[in-house]
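S.K.: coords.cif (mmCIF, C-alpha atoms and all ligand atoms) pasted underneath:
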data_structure
#
loop_
_atom_site.label_atom_id
_atom_site.label_comp_id
_atom_site.auth_asym_id
_atom_site.auth_seq_id
_atom_site.Cartn_x
_atom_site.Cartn_y
_atom_site.Cartn_z
CA MET A 1 -15.62 14.51 -13.40
CA TYR A 2 -13.97 15.67 -16.62
CA PHE A 3 -11.67 14.14 -19.23
CA VAL A 4 -8.18 14.75 -20.60
CA CYS A 5 -6.75 13.39 -23.86
CA SER A 6 -3.88 11.14 -22.76
CA TYR A 7 -1.84 12.26 -25.77
CA SER A 8 -2.55 15.95 -26.50
CA LYS A 9 -3.62 16.80 -22.89
CA LYS A 10 -6.67 18.66 -24.25
CA ILE A 11 -9.39 18.97 -21.60
CA TYR A 12 -12.97 17.90 -22.31
CA ASN A 13 -15.73 19.07 -19.98
CA ASN A 14 -18.85 18.26 -21.94
CA ILE A 15 -18.73 15.15 -24.03
CA LYS A 16 -21.29 13.48 -26.23
CA LYS A 17 -22.56 10.28 -24.60
CA PRO A 18 -21.66 7.45 -24.51
CA ILE A 19 -18.14 8.63 -23.85
CA THR A 20 -15.44 7.17 -26.10
CA PHE A 21 -12.01 8.64 -27.04
CA SER A 22 -10.54 12.05 -27.86
CA ASP A 23 -10.98 13.86 -31.18
CA ILE A 24 -7.52 12.70 -32.29
CA GLY A 25 -8.50 9.08 -31.60
CA LYS A 26 -6.41 8.70 -28.44
CA PRO A 27 -7.61 7.43 -25.03
CA LEU A 28 -9.35 9.81 -22.65
CA GLU A 29 -8.35 9.89 -19.02
CA VAL A 30 -10.99 10.47 -16.34
CA ARG A 31 -10.13 13.31 -13.96
CA TYR A 32 -11.89 14.46 -10.82
CA ASN A 33 -12.22 17.77 -9.06
CA TRP A 34 -11.10 16.19 -5.76
CA GLU A 35 -7.62 15.34 -7.09
CA GLY A 36 -4.93 17.24 -5.25
CA VAL A 37 -7.31 18.15 -2.40
CA LYS A 38 -6.08 16.82 0.96
CA LYS A 39 -8.76 14.60 2.49
CA ASP A 40 -9.15 11.65 4.85
CA ILE A 41 -9.16 8.11 3.59
CA ASP A 42 -12.70 7.31 2.56
CA VAL A 43 -13.03 3.56 2.07
CA ASP A 44 -16.35 1.75 2.46
CA GLU A 45 -15.09 -1.10 4.64
CA SER A 46 -18.43 -2.92 4.39
CA GLN A 47 -17.75 -3.68 0.71
CA LYS A 48 -15.49 -6.66 0.01
CA THR A 49 -15.28 -5.72 -3.66
CA LEU A 50 -13.60 -2.92 -5.60
CA TRP A 51 -16.66 -0.82 -4.82
CA ARG A 52 -15.15 -0.12 -1.40
CA TYR A 53 -13.32 2.66 -3.30
CA ARG A 54 -16.56 4.16 -4.61
CA SER A 55 -15.56 7.59 -3.28
CA VAL A 56 -12.82 7.78 -5.94
CA LEU A 57 -14.86 6.30 -8.82
CA PRO A 58 -17.41 7.95 -11.13
CA LYS A 59 -20.73 8.66 -9.43
CA VAL A 60 -23.46 6.23 -10.49
CA ASN A 61 -26.68 5.06 -8.89
CA ASN A 62 -26.80 1.45 -10.05
CA ILE A 63 -23.66 -0.62 -10.12
CA ILE A 64 -23.17 -3.82 -12.10
CA SER A 65 -21.10 -6.08 -9.89
CA LEU A 66 -20.37 -9.80 -9.73
CA GLY A 67 -18.12 -9.48 -6.66
CA GLU A 68 -14.90 -8.32 -8.38
CA GLY A 69 -11.78 -7.02 -6.68
CA TYR A 70 -10.54 -6.98 -3.09
CA THR A 71 -8.33 -9.95 -3.98
CA PRO A 72 -5.56 -11.40 -1.79
CA LEU A 73 -2.09 -9.85 -1.71
CA GLN A 74 0.00 -12.89 -0.97
CA GLN A 75 3.43 -12.45 0.59
CA LEU A 76 5.95 -14.67 -1.16
CA ALA A 77 9.11 -13.37 0.52
CA PRO A 78 9.82 -10.54 2.99
CA ASP A 79 10.04 -8.07 0.11
CA LEU A 80 7.81 -9.71 -2.52
CA TYR A 81 4.01 -9.79 -2.87
CA VAL A 82 1.76 -11.46 -5.44
CA LYS A 83 -1.65 -10.01 -6.19
CA ASN A 84 -3.87 -13.00 -6.94
CA GLU A 85 -6.38 -11.83 -9.52
CA THR A 86 -7.40 -15.35 -10.55
CA VAL A 87 -10.05 -15.35 -7.81
CA ASN A 88 -12.10 -12.68 -9.60
CA PRO A 89 -15.60 -13.79 -10.71
CA THR A 90 -14.61 -14.83 -14.26
CA GLY A 91 -11.02 -15.73 -13.35
CA SER A 92 -9.14 -12.59 -14.36
CA PHE A 93 -8.43 -8.99 -13.44
CA LYS A 94 -10.47 -7.97 -16.51
CA ASP A 95 -13.52 -8.08 -14.23
CA ARG A 96 -12.40 -4.86 -12.55
CA GLY A 97 -12.48 -2.91 -15.79
CA MET A 98 -15.68 -4.55 -17.02
CA SER A 99 -17.61 -3.82 -13.84
CA LEU A 100 -16.90 -0.10 -14.31
CA ALA A 101 -17.25 0.00 -18.10
CA VAL A 102 -20.53 -1.91 -18.15
CA THR A 103 -21.92 0.04 -15.18
CA LEU A 104 -21.19 3.34 -16.95
CA ALA A 105 -22.41 2.06 -20.32
CA LYS A 106 -25.71 1.01 -18.73
CA ALA A 107 -26.03 4.38 -17.02
CA GLN A 108 -25.49 6.07 -20.40
CA GLY A 109 -28.27 4.02 -22.02
CA VAL A 110 -26.13 1.62 -24.07
CA GLU A 111 -28.00 -1.46 -25.30
CA GLU A 112 -25.33 -3.28 -27.34
CA ILE A 113 -21.61 -3.55 -26.67
CA CYS A 114 -18.77 -4.91 -28.80
CA LEU A 115 -15.10 -5.67 -28.25
CA PRO A 116 -12.25 -7.75 -29.61
CA SER A 117 -10.46 -9.87 -27.04
CA ALA A 118 -7.39 -12.03 -26.59
CA GLY A 119 -9.60 -14.19 -24.33
CA ASN A 120 -10.18 -12.96 -20.80
CA ALA A 121 -11.76 -9.59 -21.58
CA GLY A 122 -14.37 -11.27 -23.77
CA ILE A 123 -15.31 -13.77 -21.09
CA SER A 124 -15.59 -10.97 -18.59
CA ALA A 125 -17.53 -8.57 -20.83
CA ALA A 126 -20.05 -11.29 -21.71
CA ALA A 127 -20.67 -12.03 -18.02
CA TYR A 128 -21.10 -8.37 -17.00
CA CYS A 129 -23.27 -7.55 -20.00
CA LYS A 130 -25.54 -10.46 -19.21
CA GLU A 131 -25.88 -9.15 -15.67
CA ALA A 132 -26.68 -5.68 -17.03
CA GLY A 133 -29.11 -6.88 -19.72
CA ILE A 134 -26.86 -5.56 -22.51
CA LYS A 135 -26.22 -7.51 -25.71
CA CYS A 136 -22.49 -8.31 -26.04
CA HIS A 137 -20.64 -8.98 -29.32
CA VAL A 138 -17.23 -10.58 -28.73
CA PHE A 139 -14.61 -10.88 -31.50
CA LEU A 140 -11.89 -13.45 -30.82
CA PRO A 141 -8.88 -14.69 -32.81
CA GLU A 142 -9.34 -18.13 -34.42
CA THR A 143 -6.36 -19.32 -32.40
CA ILE A 144 -8.27 -18.96 -29.15
CA PRO A 145 -8.22 -22.11 -26.98
CA ASN A 146 -11.61 -23.78 -26.93
CA GLU A 147 -12.17 -23.34 -23.20
CA TYR A 148 -11.98 -19.55 -23.61
CA LYS A 149 -14.50 -19.65 -26.44
CA LYS A 150 -16.84 -21.84 -24.43
CA ALA A 151 -16.58 -19.62 -21.35
CA THR A 152 -17.50 -16.59 -23.50
CA GLU A 153 -20.40 -18.40 -25.15
CA LYS A 154 -21.79 -19.25 -21.74
CA ASN A 155 -22.94 -15.63 -21.46
CA SER A 156 -23.07 -14.37 -25.05
CA LYS A 157 -24.66 -15.77 -28.17
CA ASN A 158 -22.66 -13.35 -30.32
CA VAL A 159 -19.12 -14.68 -30.55
CA TYR A 160 -17.15 -14.27 -33.80
CA LEU A 161 -13.75 -15.77 -34.69
CA SER A 162 -11.17 -14.35 -37.12
CA GLY A 163 -7.44 -14.04 -37.68
CA LYS A 164 -4.56 -14.78 -35.37
CA THR A 165 -4.43 -11.90 -32.90
CA ILE A 166 -6.66 -9.43 -31.10
CA SER A 167 -5.74 -6.89 -33.81
CA ASP A 168 -7.16 -9.19 -36.51
CA ALA A 169 -10.28 -9.75 -34.41
CA GLY A 170 -10.56 -5.97 -34.01
CA LYS A 171 -10.46 -5.48 -37.80
CA ALA A 172 -13.26 -8.03 -38.22
CA MET A 173 -15.26 -6.15 -35.61
CA ILE A 174 -14.90 -2.82 -37.43
CA LYS A 175 -16.31 -4.46 -40.59
CA LYS A 176 -19.32 -5.91 -38.82
CA LYS A 177 -19.97 -3.12 -36.36
CA VAL A 178 -23.35 -1.41 -36.50
CA ASN A 179 -23.54 2.25 -35.46
CA ASP A 180 -25.18 1.85 -32.11
CA TRP A 181 -22.85 -0.91 -30.86
CA PHE A 182 -20.76 0.68 -28.14
CA ASP A 183 -17.08 -0.22 -28.49
CA ILE A 184 -15.46 -1.09 -25.15
CA SER A 185 -12.13 -2.21 -26.64
CA THR A 186 -9.12 -1.51 -24.45
CA LEU A 187 -8.82 2.28 -23.94
CA LYS A 188 -11.55 3.14 -26.46
CA GLU A 189 -13.65 4.20 -23.51
CA PRO A 190 -12.20 5.64 -20.29
CA PHE A 191 -13.87 3.58 -17.56
CA ARG A 192 -12.09 0.22 -17.82
CA VAL A 193 -9.00 2.06 -16.56
CA GLU A 194 -11.02 3.40 -13.63
CA GLY A 195 -11.87 -0.19 -12.68
CA LYS A 196 -8.25 -1.29 -13.04
CA LYS A 197 -7.06 1.58 -10.92
CA THR A 198 -8.65 -0.09 -7.90
CA LEU A 199 -5.73 -2.54 -8.06
CA GLY A 200 -3.49 0.34 -6.99
CA TYR A 201 -5.85 1.42 -4.19
CA GLU A 202 -6.03 -2.16 -2.94
CA ILE A 203 -2.28 -2.71 -2.98
CA ALA A 204 -1.72 0.51 -1.02
CA GLU A 205 -4.44 -0.41 1.49
CA GLN A 206 -3.17 -3.98 1.88
CA LEU A 207 0.35 -2.69 2.55
CA GLY A 208 -1.05 -0.52 5.36
CA TRP A 209 -1.42 2.60 3.20
CA ARG A 210 2.13 2.40 1.87
CA PHE A 211 3.40 2.10 -1.69
CA PRO A 212 5.64 -0.72 -2.89
CA ASP A 213 8.98 0.38 -4.37
CA VAL A 214 8.45 -1.55 -7.59
CA VAL A 215 5.43 -2.83 -9.51
CA VAL A 216 6.19 -5.43 -12.19
CA TYR A 217 3.26 -5.87 -14.53
CA GLU A 218 2.58 -8.22 -17.46
CA THR A 219 1.68 -5.63 -20.11
CA GLY A 220 -0.56 -6.17 -23.11
CA GLY A 221 -2.93 -3.27 -23.80
CA GLY A 222 -1.62 -1.62 -20.65
CA THR A 223 -4.83 -0.77 -18.79
CA GLY A 224 -3.58 -2.36 -15.56
CA LEU A 225 -0.33 -0.43 -15.56
CA ILE A 226 -2.05 2.81 -16.51
CA GLY A 227 -4.78 2.29 -13.92
CA MET A 228 -2.40 1.49 -11.07
CA TRP A 229 -0.18 4.48 -11.80
CA LYS A 230 -3.26 6.69 -11.88
CA ALA A 231 -4.27 5.30 -8.47
CA PHE A 232 -0.87 5.93 -6.93
CA VAL A 233 -0.80 9.51 -8.22
CA GLU A 234 -4.36 10.15 -6.95
CA ILE A 235 -3.64 8.65 -3.53
CA LYS A 236 -0.52 10.75 -3.15
CA SER A 237 -2.32 13.89 -4.30
CA MET A 238 -4.88 13.42 -1.51
CA GLY A 239 -2.13 12.94 1.05
CA TRP A 240 -3.18 9.36 1.91
CA VAL A 241 0.36 8.08 1.35
CA ASN A 242 3.57 10.11 1.27
CA ASP A 243 5.98 7.42 0.03
CA PRO A 244 7.78 7.92 -3.28
CA LEU A 245 5.71 6.69 -6.22
CA PRO A 246 6.55 3.11 -7.27
CA ARG A 247 8.80 2.38 -10.26
CA MET A 248 6.58 0.77 -12.91
CA VAL A 249 7.93 -2.14 -14.95
CA ALA A 250 6.26 -3.23 -18.20
CA ALA A 251 7.03 -6.93 -18.77
CA GLN A 252 6.41 -8.55 -22.16
CA SER A 253 7.41 -11.69 -24.08
CA THR A 254 9.92 -11.73 -26.95
CA GLY A 255 6.94 -13.03 -28.97
CA CYS A 256 5.22 -9.64 -28.74
CA ALA A 257 7.09 -6.74 -27.17
CA PRO A 258 6.13 -3.45 -28.83
CA VAL A 259 6.41 -1.50 -25.56
CA VAL A 260 9.87 -2.85 -24.78
CA LYS A 261 11.14 -2.09 -28.29
CA ALA A 262 9.83 1.49 -28.17
CA PHE A 263 11.25 1.97 -24.67
CA GLN A 264 14.68 0.74 -25.73
CA GLU A 265 14.62 2.88 -28.88
CA ARG A 266 13.42 5.94 -26.91
CA GLN A 267 10.34 6.30 -29.12
CA ARG A 268 7.29 8.28 -28.00
CA ASP A 269 4.86 5.60 -29.23
CA THR A 270 4.91 1.91 -30.11
CA ASP A 271 5.27 0.48 -33.63
CA PHE A 272 3.10 -2.44 -34.72
CA TRP A 273 4.81 -5.75 -33.79
CA GLU A 274 4.59 -7.94 -36.90
CA ASN A 275 3.89 -11.69 -36.66
CA SER A 276 3.38 -11.63 -32.92
CA ASP A 277 3.06 -15.00 -31.24
CA THR A 278 3.09 -15.86 -27.55
CA VAL A 279 1.57 -18.44 -25.24
CA ALA A 280 0.79 -15.52 -22.89
CA LEU A 281 -2.43 -14.80 -24.78
CA GLY A 282 -3.28 -11.56 -22.98
CA LEU A 283 0.07 -10.10 -24.01
CA ASN A 284 -0.43 -10.75 -27.71
CA VAL A 285 -1.33 -7.12 -28.36
CA PRO A 286 0.89 -6.04 -31.27
CA GLY A 287 -0.43 -2.47 -31.56
CA PRO A 288 -1.58 -1.14 -28.18
CA LEU A 289 -3.68 2.02 -28.55
CA GLY A 290 -2.24 3.36 -25.31
CA GLY A 291 1.40 2.66 -26.25
CA ALA A 292 2.50 6.28 -25.73
CA TRP A 293 0.64 6.46 -22.42
CA ILE A 294 2.32 3.28 -21.13
CA LEU A 295 5.76 4.55 -22.21
CA ASN A 296 5.19 7.88 -20.48
CA ILE A 297 4.35 6.18 -17.21
CA VAL A 298 7.29 3.78 -17.35
CA ARG A 299 9.63 6.73 -17.94
CA GLU A 300 8.03 9.15 -15.49
CA SER A 301 8.13 6.52 -12.73
CA LYS A 302 11.82 5.78 -13.45
CA GLY A 303 10.75 2.27 -14.36
CA ILE A 304 11.83 -0.02 -17.16
CA ALA A 305 10.37 -2.24 -19.90
CA ILE A 306 11.84 -5.70 -20.34
CA MET A 307 11.06 -8.78 -22.39
CA ILE A 308 11.33 -12.41 -21.41
CA ASP A 309 12.34 -15.14 -23.84
CA GLU A 310 9.18 -16.79 -25.17
CA GLN A 311 10.92 -20.20 -25.08
CA ARG A 312 11.27 -19.90 -21.29
CA LEU A 313 7.67 -18.95 -20.54
CA LYS A 314 6.16 -22.36 -19.90
CA ALA A 315 8.91 -23.29 -17.44
CA LEU A 316 8.70 -19.88 -15.73
CA THR A 317 4.94 -20.20 -15.35
CA GLU A 318 5.36 -23.61 -13.79
CA GLU A 319 7.91 -22.22 -11.35
CA PHE A 320 5.65 -19.27 -10.52
CA ASN A 321 2.67 -21.55 -9.96
CA ASN A 322 4.65 -23.93 -7.76
CA LEU A 323 5.93 -21.08 -5.62
CA THR A 324 2.59 -19.33 -5.25
CA SER A 325 0.22 -22.33 -5.33
CA ILE A 326 -1.82 -20.28 -7.79
CA ASN A 327 -2.89 -21.76 -11.11
CA SER A 328 -1.94 -18.78 -13.28
CA SER A 329 -1.90 -18.58 -17.06
CA ASP A 330 1.38 -17.85 -18.88
CA GLU A 331 1.27 -14.11 -18.27
CA GLY A 332 2.44 -15.17 -14.79
CA GLY A 333 5.60 -16.63 -16.33
CA VAL A 334 6.36 -13.27 -17.95
CA VAL A 335 6.04 -11.31 -14.74
CA TRP A 336 7.97 -13.91 -12.76
CA GLY A 337 10.80 -13.95 -15.33
CA ALA A 338 10.94 -10.15 -15.34
CA TYR A 339 10.97 -9.84 -11.56
CA SER A 340 13.63 -12.56 -11.14
CA HIS A 341 15.85 -10.94 -13.75
CA LEU A 342 15.59 -7.44 -12.29
CA LYS A 343 16.32 -8.77 -8.83
CA LYS A 344 19.30 -10.77 -10.07
CA VAL A 345 20.92 -7.85 -11.87
CA GLY A 346 20.34 -5.52 -8.90
CA TRP A 347 17.84 -3.19 -10.61
CA ILE A 348 15.54 -4.17 -7.74
CA LYS A 349 17.70 -3.67 -4.67
CA PRO A 350 17.67 -5.79 -1.51
CA LYS A 351 14.79 -4.81 0.79
CA GLU A 352 12.92 -2.96 -1.98
CA ARG A 353 9.32 -4.11 -1.87
CA SER A 354 7.88 -5.40 -5.13
CA VAL A 355 4.41 -6.44 -6.24
CA ILE A 356 3.82 -8.87 -9.11
CA PHE A 357 0.57 -10.30 -10.46
CA ALA A 358 -1.26 -13.50 -11.27
CA THR A 359 -3.63 -11.70 -13.64
CA GLY A 360 -5.71 -14.63 -14.76
CA ILE A 361 -7.01 -18.23 -14.93
CA GLU A 362 -7.83 -20.80 -12.16
CA ARG A 363 -11.31 -20.67 -13.73
CA ILE A 364 -13.51 -22.02 -15.05
CA LYS A 365 -16.37 -21.64 -12.67
C1 LIG A 401 -4.26 -12.73 -18.04
C2 LIG A 401 -3.90 -11.39 -18.61
N1 LIG A 401 -2.82 -10.76 -18.12
C3 LIG A 401 -2.43 -9.56 -18.60
C4 LIG A 401 -3.12 -8.94 -19.64
C5 LIG A 401 -2.67 -7.60 -20.12
O1 LIG A 401 -3.54 -6.64 -19.65
P1 LIG A 401 -3.41 -5.10 -19.89
O2 LIG A 401 -4.37 -4.75 -20.96
O3 LIG A 401 -3.78 -4.44 -18.62
O4 LIG A 401 -2.01 -4.82 -20.28
C6 LIG A 401 -4.26 -9.56 -20.17
C7 LIG A 401 -5.04 -8.93 -21.25
O5 LIG A 401 -5.74 -9.56 -22.01
C8 LIG A 401 -4.66 -10.82 -19.64
O6 LIG A 401 -5.74 -11.45 -20.10
#
Would you write out, as structure tokens, the structure that this file holds?
M.R.:
Amino acid sequence: MYFVCSYSKKIYNNIKKPITFSDIGKPLEVRYNWEGVKKDIDVDESQKTLWRYRSVLPKVNNIISLGEGYTPLQQLAPDLYVKNETVNPTGSFKDRGMSLAVTLAKAQGVEEICLPSAGNAGISAAAYCKEAGIKCHVFLPETIPNEYKKATEKNSKNVYLSGKTISDAGKAMIKKKVNDWFDISTLKEPFRVEGKKTLGYEIAEQLGWRFPDVVVYETGGGTGLIGMWKAFVEIKSMGWVNDPLPRMVAAQSTGCAPVVKAFQERQRDTDFWENSDTVALGLNVPGPLGGAWILNIVRESKGIAIMIDEQRLKALTEEFNNLTSINSSDEGGVVWGAYSHLKKVGWIKPKERSVIFATGIERIK
């Protein structure tokens, strides 16, 4: 295993532990020596969690798992599939990233973790840290619905509220942070992406080791989109699937759409989205650290970034939930609106297979 700066492409072989980001403050990407080497599919079928893909994840002896991943891929129409991530242990796809990040943090001797969260990541981090015996400090915006706060407090005594968005909560965290707290904010360490990449492995496996033509993803910090693209590239490099790589779509709300704006303006990186506000809480990420990385992937995959009118989100979520019988949060409305639009205007052609996501809710267990 080695690391590459996602921005400068500088390679890092020996890194101070615990592993964080590159020396220019950009996310590090995990790379493996087996990439590009043709080999047979190596899936541990006995595991009904994301750990069935252990052969393509960092090597560790002790894993921290609550049973995350290996979620249903529900067929909604002949050419449309919904990945139901609400059945994960804490009700969102964040569990994939947290299982990996907390496992690696534990293996690297971390005793205290901190992160800001728009809601789901905090709930997930608290649960995995409790399992690992790590102290978890979660910084949430004051606007967080009470049930999210309560679900976080179930597993962490260290929950702090400030400001309106995850960015405000992040600033409060920086002020309070003590040196040995390990920061697992989105893309500030490289292993949450490794957990999210299992989404891509699962989709390919569930389609019979084929790729979909299009992946439409509700994008906030972007780890899901980055992780899935990484998976598709890895799978292809090993010769497991020979289909063309999927076109990746970043879907956002008009209440917070820094990726869409930068895509439309052909910028290399995102600008901070002022006064962001959306009912899709996980997408209220006005300044994603991995903005340039997300944009690269959308462009390289011949994808697109589109925004859905915030005023339509509640109705779209209701429609999505009625069609799928999943109780998804409003990120589902964004992805449903984006898919429906792209299909209507012919960007997604008849018979092209698409995957969309119910990334979170149906909690609270
Ligand atoms: C339910 C939900 N969907 C989507 C997202 C966006 O995730 P990503 O960071 O992968 O873009 C989040 C992030 O908080 C979320 O909670």
S.K.: Could you give me, as CSV, every chain A residue with an atom at most 8 Å from ligand LIG 401 (chain A), plus its closest atom pair and distance in Å to one decimal, counting all atoms listed in the file, rows ordered by chain then number?
M.R.:
residue,atom,partner,partner_atom,distance
A:Ser92,CA,A:LIG401,C1,6.1
A:Phe93,CA,A:LIG401,C1,7.2
A:Lys94,CA,A:LIG401,O6,6.9
A:Ser117,CA,A:LIG401,O5,6.9
A:Ala118,CA,A:LIG401,O5,5.5
A:Gly119,CA,A:LIG401,O6,6.3
A:Asn120,CA,A:LIG401,O6,4.7
A:Ala121,CA,A:LIG401,O5,6.0
A:Thr186,CA,A:LIG401,O2,6.7
A:Lys196,CA,A:LIG401,O3,7.8
A:Tyr217,CA,A:LIG401,O4,7.9
A:Glu218,CA,A:LIG401,C3,5.3
A:Thr219,CA,A:LIG401,O4,3.8
A:Gly220,CA,A:LIG401,O4,3.5
A:Gly221,CA,A:LIG401,O2,3.5
A:Gly222,CA,A:LIG401,O4,3.2
A:Thr223,CA,A:LIG401,O3,3.8
A:Gly224,CA,A:LIG401,O3,3.7
A:Leu225,CA,A:LIG401,O3,6.1
A:Ile226,CA,A:LIG401,O3,7.7
A:Ala280,CA,A:LIG401,C1,7.5
A:Leu281,CA,A:LIG401,O6,6.6
A:Gly282,CA,A:LIG401,O5,3.3
A:Leu283,CA,A:LIG401,C5,5.4
A:Asn284,CA,A:LIG401,O5,7.9
A:Ser329,CA,A:LIG401,C1,6.4
A:Asp330,CA,A:LIG401,C1,7.7
A:Glu331,CA,A:LIG401,N1,5.3
A:Gly332,CA,A:LIG401,N1,7.6
A:Ala358,CA,A:LIG401,C1,7.4
A:Thr359,CA,A:LIG401,C1,4.6
A:Gly360,CA,A:LIG401,C1,4.1
A:Ile361,CA,A:LIG401,C1,6.9
S.K.: Which of these, A:Val355, A:Val82, A:Val193, A:Ile63, has the shortest distance to A:Gly290 once you count all atoms listed in the file?
M.R.: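 Smallest separation from A:Gly290 among the options: A:Val193.
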S.K.: Skipping near chain neighbours, those fewer than 6 positions away, what residues fall within 12 Å of A:Glu29 using only C-alpha atoms, listed as a PyMOL selection string?
M.R.: chain A and resi 1-13+19-22+187-194+197+223+226-227+230+290+293
S.K.: Which neighbours of A:Thr278 fall inside 7 Å, counting only C-alpha atoms, when residues of the same chain fewer than 4 positions from it are skipped, and could you give them as an MDAnalysis selection string?
M.R.: chainID A and resid 253 255:256 284 310
S.K.: Quick one: write out the picked residues with C-alpha atoms as a CSV table (one decimal), in the frame of the given file?
M.R.:
chain,number,residue,atom,x,y,z
A,253,SER,CA,7.4,-11.7,-24.1
A,255,GLY,CA,6.9,-13.0,-29.0
A,256,CYS,CA,5.2,-9.6,-28.7
A,284,ASN,CA,-0.4,-10.8,-27.7
A,310,GLU,CA,9.2,-16.8,-25.2
S.K.: Just how far from atom CA of A:Arg247 is atom CA of A:Leu207, in Å to one decimal?
M.R.: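 About the pair atom CA of A:Leu207 and atom CA of A:Arg247: they are 16.2 Å apart.
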S.K.: Residues within 12 Å of A:Arg52, please, as a PyMOL selection string. Count only C-alpha atoms; anything in the same chain fewer than 2 positions from it doesn't count.
M.R.: chain A and resi 41-50+54-57+65+67-70+195+198-199+201-202+205
S.K.: My list of candidates is A:Pro212, A:Gly303, A:Pro116, A:Gly97. Which is closest to A:Met248 when distances are computed with all atoms listed in the file?
M.R.: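 Once distances to A:Met248 are computed over all atoms listed in the file, the minimum belongs to A:Gly303.
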S.K.: Closest to A:Lys236 among A:Val60, A:Ala204, A:Ala132, A:Val334, using only C-alpha atoms?
M.R.: A:Ala204
S.K.: Which of these, A:Glu142, A:Asp79, A:Glu153, A:Glu147, has the shortest distance to A:Ala127 once you count all atoms listed in the file?
M.R.: A:Glu153
S.K.: Using all atoms listed in the file, find the one residue out of A:Glu318, A:Glu234, A:Glu274, A:Asp309 that sits nearest to A:Thr254.
M.R.: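 So, comparing all the options, the nearest one is A:Asp309.
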S.K.: Check the smallest atom-to-atom distance from each of A:Asn146, A:Thr103, A:Asn155, A:Asn88 to A:Pro58 using only C-alpha atoms, then report the winner.
M.R.: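 Selected residue with least distance to A:Pro58: A:Thr103.
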S.K.: Pick out the residues sitting within 10 Å of A:Gln267, and hand them over as a list in words; count all atoms listed in the file, and ignore anything fewer than 6 positions along from it in its own chain.
M.R.: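 With the cut-off at 10 Å, the set is Val259, Lys261, Ala292 and Leu295 of chain A.
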S.K.: Any idea what the distance is between atom CA of A:Thr143 and atom CA of A:Leu115?
M.R.: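 Between these atoms lies a distance of 16.7 Å.
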S.K.: Quick check, in Å to one decimal: how far apart do atom CA of A:Ala251 and atom CA of A:Val345 lie?
M.R.: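 Computed distance, atom CA of A:Ala251 to atom CA of A:Val345, equals 15.5 Å.
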S.K.: Starting from the incomplete input, reconstruct N, CA and C atoms of stretch 14-27 of chain A and report them as a short mmCIF file (atom, residue, chain, number, x, y, z; two decimals), in the coordinates of the input.
M.R.:
data_model
loop_
_atom_site.label_atom_id
_atom_site.label_comp_id
_atom_site.auth_asym_id
_atom_site.auth_seq_id
_atom_site.Cartn_x
_atom_site.Cartn_y
_atom_site.Cartn_z
N ASN A 14 -17.54 18.79 -21.53
CA ASN A 14 -18.85 18.26 -21.94
C ASN A 14 -18.64 17.36 -23.13
N ILE A 15 -18.98 16.11 -22.95
CA ILE A 15 -18.73 15.15 -24.03
C ILE A 15 -20.03 14.48 -24.41
N LYS A 16 -20.14 14.21 -25.71
CA LYS A 16 -21.29 13.48 -26.23
C LYS A 16 -21.31 12.08 -25.60
N LYS A 17 -22.48 11.60 -25.24
CA LYS A 17 -22.56 10.28 -24.60
C LYS A 17 -23.01 9.21 -25.60
N PRO A 18 -22.61 7.96 -25.48
CA PRO A 18 -21.66 7.45 -24.51
C PRO A 18 -20.23 7.90 -24.81
N ILE A 19 -19.47 8.05 -23.75
CA ILE A 19 -18.14 8.63 -23.85
C ILE A 19 -17.14 7.63 -24.43
N THR A 20 -16.39 8.09 -25.44
CA THR A 20 -15.44 7.17 -26.10
C THR A 20 -14.00 7.70 -25.97
N PHE A 21 -13.40 8.17 -27.10
CA PHE A 21 -12.01 8.64 -27.04
C PHE A 21 -11.92 10.09 -27.51
N SER A 22 -10.70 10.63 -27.55
CA SER A 22 -10.54 12.05 -27.86
C SER A 22 -10.69 12.30 -29.36
N ASP A 23 -10.74 13.59 -29.76
CA ASP A 23 -10.98 13.86 -31.18
C ASP A 23 -9.77 13.53 -32.06
N ILE A 24 -8.62 13.20 -31.46
CA ILE A 24 -7.52 12.70 -32.29
C ILE A 24 -7.40 11.17 -32.18
N GLY A 25 -8.45 10.55 -31.64
CA GLY A 25 -8.50 9.08 -31.60
C GLY A 25 -7.63 8.45 -30.52
N LYS A 26 -7.24 9.24 -29.51
CA LYS A 26 -6.41 8.70 -28.44
C LYS A 26 -7.26 8.53 -27.18
N PRO A 27 -6.80 7.68 -26.23
CA PRO A 27 -7.61 7.43 -25.03
C PRO A 27 -7.85 8.68 -24.20
#
